[in-house]
>>> print(open('input_24.txt').read())   # compact mmCIF, C-alpha atoms
# COMPACT_ATOMS: atom_id res chain seq x y z
CA MET A 1 66.16 87.89 99.45
CA VAL A 2 66.79 91.38 100.70
CA SER A 3 68.99 92.36 97.74
CA ASP A 4 66.17 92.12 95.22
CA THR A 5 64.96 95.37 93.72
CA VAL A 6 61.76 96.23 91.95
CA GLY A 7 62.10 97.54 88.42
CA PRO A 8 58.88 99.35 87.53
CA MET A 9 57.60 99.82 84.02
CA ALA A 10 55.00 102.42 83.13
CA ARG A 11 53.64 104.45 80.24
CA SER A 12 54.83 107.82 81.55
CA ILE A 13 57.21 109.54 83.94
CA SER A 14 54.19 110.62 85.98
CA ASP A 15 53.18 107.00 86.47
CA LEU A 16 56.74 106.07 87.46
CA VAL A 17 56.83 108.89 90.00
CA LEU A 18 53.59 107.65 91.53
CA MET A 19 54.98 104.12 91.72
CA LEU A 20 58.22 105.35 93.32
CA THR A 21 56.20 107.28 95.91
CA VAL A 22 54.49 104.03 96.92
CA MET A 23 57.62 101.85 96.78
CA ALA A 24 60.05 104.20 98.55
CA GLY A 25 60.35 104.30 102.28
CA TYR A 26 61.10 102.11 105.22
CA ASN A 27 60.37 98.38 105.15
CA PHE A 28 60.63 96.85 108.61
CA LYS A 29 61.00 93.38 107.05
CA ASP A 30 64.15 94.44 105.15
CA PRO A 31 67.27 94.69 107.34
CA ASN A 32 68.90 96.92 104.72
CA SER A 33 66.03 99.42 104.69
CA LEU A 34 66.61 102.85 106.21
CA ASN A 35 63.96 104.63 108.26
CA VAL A 36 64.43 108.08 106.74
CA SER A 37 62.01 110.66 105.41
CA ILE A 38 61.12 110.38 101.74
CA PRO A 39 61.02 113.49 99.54
CA SER A 40 58.01 114.46 97.49
CA TYR A 41 58.81 113.02 94.07
CA THR A 42 55.84 114.74 92.44
CA GLU A 43 57.02 118.23 93.44
CA GLY A 44 59.42 118.78 90.55
CA LEU A 45 57.66 116.59 88.04
CA ASN A 46 56.84 119.34 85.54
CA LYS A 47 59.89 121.46 86.29
CA GLY A 48 62.03 120.16 83.42
CA ILE A 49 65.66 119.11 83.62
CA SER A 50 67.45 122.30 82.63
CA GLY A 51 70.50 122.63 84.89
CA LEU A 52 70.14 119.09 86.27
CA LYS A 53 73.55 117.45 86.73
CA ILE A 54 73.70 113.83 85.61
CA GLY A 55 76.74 111.70 86.39
CA ILE A 56 77.57 108.83 84.04
CA PRO A 57 79.90 106.22 85.58
CA THR A 58 82.15 105.30 82.65
CA TYR A 59 82.68 101.82 84.13
CA TYR A 60 79.30 100.79 82.75
CA LEU A 61 80.11 102.08 79.27
CA LYS A 62 83.01 99.71 78.64
CA LYS A 63 82.44 96.99 76.05
CA LEU A 64 78.86 98.00 75.24
CA ASP A 65 77.20 96.41 72.24
CA ARG A 66 77.40 98.89 69.35
CA ASP A 67 73.62 99.25 69.08
CA VAL A 68 73.26 99.78 72.81
CA GLU A 69 76.04 102.38 72.76
CA GLN A 70 74.35 104.28 69.94
CA LEU A 71 71.00 104.29 71.77
CA PHE A 72 72.71 105.36 74.99
CA ASN A 73 74.44 108.25 73.20
CA ARG A 74 71.13 109.32 71.65
CA ALA A 75 69.55 109.38 75.09
CA ILE A 76 72.45 111.47 76.45
CA SER A 77 72.08 113.89 73.53
CA ALA A 78 68.35 114.22 74.26
CA LEU A 79 69.09 114.97 77.92
CA GLN A 80 71.65 117.61 76.92
CA TYR A 81 69.19 119.12 74.45
CA LEU A 82 66.70 119.46 77.31
CA GLY A 83 69.33 121.32 79.35
CA ALA A 84 70.88 118.65 81.55
CA GLU A 85 74.60 118.84 82.33
CA ILE A 86 76.30 115.49 81.69
CA LYS A 87 79.49 114.60 83.52
CA GLU A 88 81.42 111.38 83.08
CA LEU A 89 82.56 109.88 86.37
CA GLU A 90 85.45 107.57 87.07
CA VAL A 91 84.47 105.35 90.00
CA PRO A 92 87.18 102.71 90.47
CA GLU A 93 85.22 101.07 93.29
CA LEU A 94 82.58 99.91 90.80
CA SER A 95 84.96 97.21 89.56
CA LEU A 96 84.46 95.52 92.93
CA ALA A 97 80.71 96.03 93.05
CA THR A 98 79.79 93.30 90.55
CA PHE A 99 81.67 90.61 92.44
CA ALA A 100 80.46 91.82 95.82
CA ALA A 101 76.84 91.97 94.65
CA TYR A 102 77.06 88.46 93.18
CA MET A 103 78.43 87.11 96.45
CA ILE A 104 75.64 88.80 98.42
CA VAL A 105 72.79 87.85 96.10
CA THR A 106 73.80 84.20 95.74
CA GLY A 107 74.36 83.84 99.49
CA GLU A 108 71.03 85.43 100.39
CA ALA A 109 69.18 83.48 97.69
CA ALA A 110 70.67 80.22 98.94
CA ASN A 111 69.67 81.09 102.48
CA ARG A 112 66.10 81.86 101.40
CA HIS A 113 65.76 78.62 99.41
CA TYR A 114 67.91 76.38 101.64
CA LYS A 115 65.18 74.17 103.15
CA TRP A 116 63.36 73.72 99.86
CA LEU A 117 66.63 72.87 98.08
CA GLN A 118 67.29 70.19 100.70
CA THR A 119 64.00 68.42 100.11
CA ASN A 120 62.76 69.43 96.65
CA SER A 121 65.80 70.37 94.56
CA GLU A 122 64.21 68.78 91.48
CA ASP A 123 61.61 71.57 91.52
CA TYR A 124 64.28 74.01 90.35
CA SER A 125 65.56 74.31 86.80
CA PRO A 126 69.21 73.24 86.44
CA ASP A 127 70.47 76.83 86.07
CA ASN A 128 68.54 78.10 89.12
CA ARG A 129 69.57 75.07 91.17
CA SER A 130 73.23 75.75 90.26
CA PHE A 131 72.84 79.41 91.21
CA PHE A 132 71.38 78.56 94.63
CA LEU A 133 73.93 75.83 95.27
CA ALA A 134 76.77 78.23 94.41
CA GLY A 135 75.30 80.59 96.99
CA ALA A 136 75.20 77.79 99.54
CA LEU A 137 78.99 77.56 99.18
CA THR A 138 79.39 81.20 100.15
CA ASN A 139 81.28 81.37 103.40
CA THR A 140 80.73 83.98 106.07
CA PRO A 141 84.06 85.84 105.69
CA LYS A 142 83.48 86.30 101.95
CA TYR A 143 79.90 87.42 102.55
CA VAL A 144 80.98 89.97 105.17
CA LYS A 145 83.79 91.21 102.89
CA ALA A 146 81.25 91.67 100.08
CA GLN A 147 78.97 93.68 102.40
CA GLN A 148 81.95 95.83 103.45
CA THR A 149 82.84 96.43 99.80
CA ILE A 150 79.32 97.67 99.06
CA ARG A 151 79.46 99.99 102.09
CA ILE A 152 82.81 101.39 100.89
CA LEU A 153 81.27 102.07 97.50
CA VAL A 154 78.28 103.84 99.05
CA ARG A 155 80.49 105.88 101.39
CA SER A 156 82.83 106.88 98.57
CA ASN A 157 80.41 109.79 98.12
CA ARG A 158 80.98 109.89 94.36
CA PHE A 159 77.26 109.86 93.59
CA HIS A 160 76.28 112.97 95.53
>>> encode(input="input_24.txt", output="structure tokens")
Amino acid sequence: MVSDTVGPMARSISDLVLMLTVMAGYNFKDPNSLNVSIPSYTEGLNKGISGLKIGIPTYYLKKLDRDVEQLFNRAISALQYLGAEIKELEVPELSLATFAAYMIVTGEAANRHYKWLQTNSEDYSPDNRSFFLAGALTNTPKYVKAQQTIRILVRSNRFH
């Protein structure tokens, strides 16, 4: 599945930077990977965040659990205390992203597991089997439309 992403966990920012340095870059096996130069992530590691501009897409803040919202606001306050500039962003295209991503992920997952599902479907738990079978129902026009939606979101240039 080419839409999978790695979510690293580490004990420090320094460790995360080292992991990102290894993970970033071109992957010839991934058709979505870009062959572009990768910046030095370690360069600004000890520079601090004073003056850093951080955009918060408000779409993700809707209907948060109260505890999560409180923790999020504490994190934002800590970033501001350290000198970061926080700006809330309205990105209407994000409302389409969830549906587009689901269409892409289920379709690609079904493609990856198609042969095994045909012969060994009992090897999957009921919820995973349902997920892959839903992806198998994805038709090409919907898949292409989902890919176009993601490209529109990326090109909207709201994150730069």
>>> residues_around(input="input_24.txt", residues="region 80-88 of chain A", least_positions_apart="3", cutoff="6 Å", atoms="all atoms listed in the file", output="VMD selection string")
chain A and resid 49 to 57 77
>>> residues_around(input="input_24.txt", residues="Ile38 (chain A)", least_positions_apart="4", cutoff="9 Å", atoms="all atoms listed in the file", output="list in words")
Thr21, Ala24, Gly25 and Tyr26 of chain A
>>> atom_distance(input="input_24.txt", atom1="CA of His113 (chain A)", atom2="CA of Phe99 (chain A)")
21.1 Å
>>> closest_residue(input="input_24.txt", among="A:Pro8, A:Ala100, A:Asp30, A:Thr106", to="Gln148 (chain A)", atoms="all atoms listed in the file")
A:Ala100
>>> closest_residue(input="input_24.txt", among="A:Asn46, A:Gln70, A:Ser95, A:Ser37", to="Thr58 (chain A)", atoms="only C-alpha atoms")
A:Ser95
>>> residues_around(input="input_24.txt", residues="Glu93 (chain A)", least_positions_apart="4", cutoff="9 Å", atoms="all atoms listed in the file", output="list of chain:residue names")
A:Ala97, A:Thr149, A:Ile150, A:Ile152, A:Leu153, A:Ser156
>>> atom_distance(input="input_24.txt", atom1="CA of Ile104 (chain A)", atom2="CA of Val91 (chain A)")
20.6 Å
>>> atom_distance(input="input_24.txt", atom1="CA of Ala101 (chain A)", atom2="CA of Ala134 (chain A)")
13.7 Å
>>> residues_around(input="input_24.txt", residues="Tyr114 (chain A)", least_positions_apart="2", cutoff="12 Å", atoms="all atoms listed in the file", output="VMD selection string")
chain A and resid 1 106 to 112 116 to 121 129 131 to 137
>>> closest_residue(input="input_24.txt", among="A:Tyr60, A:Tyr124, A:Tyr143, A:Phe72", to="Val105 (chain A)", atoms="all atoms listed in the file")
A:Tyr143
>>> residues_around(input="input_24.txt", residues="region 11-16 of chain A", least_positions_apart="2", cutoff="10 Å", atoms="all atoms listed in the file", output="number ranges by chain")
A: 8-9, 18-22, 41-42, 45-46
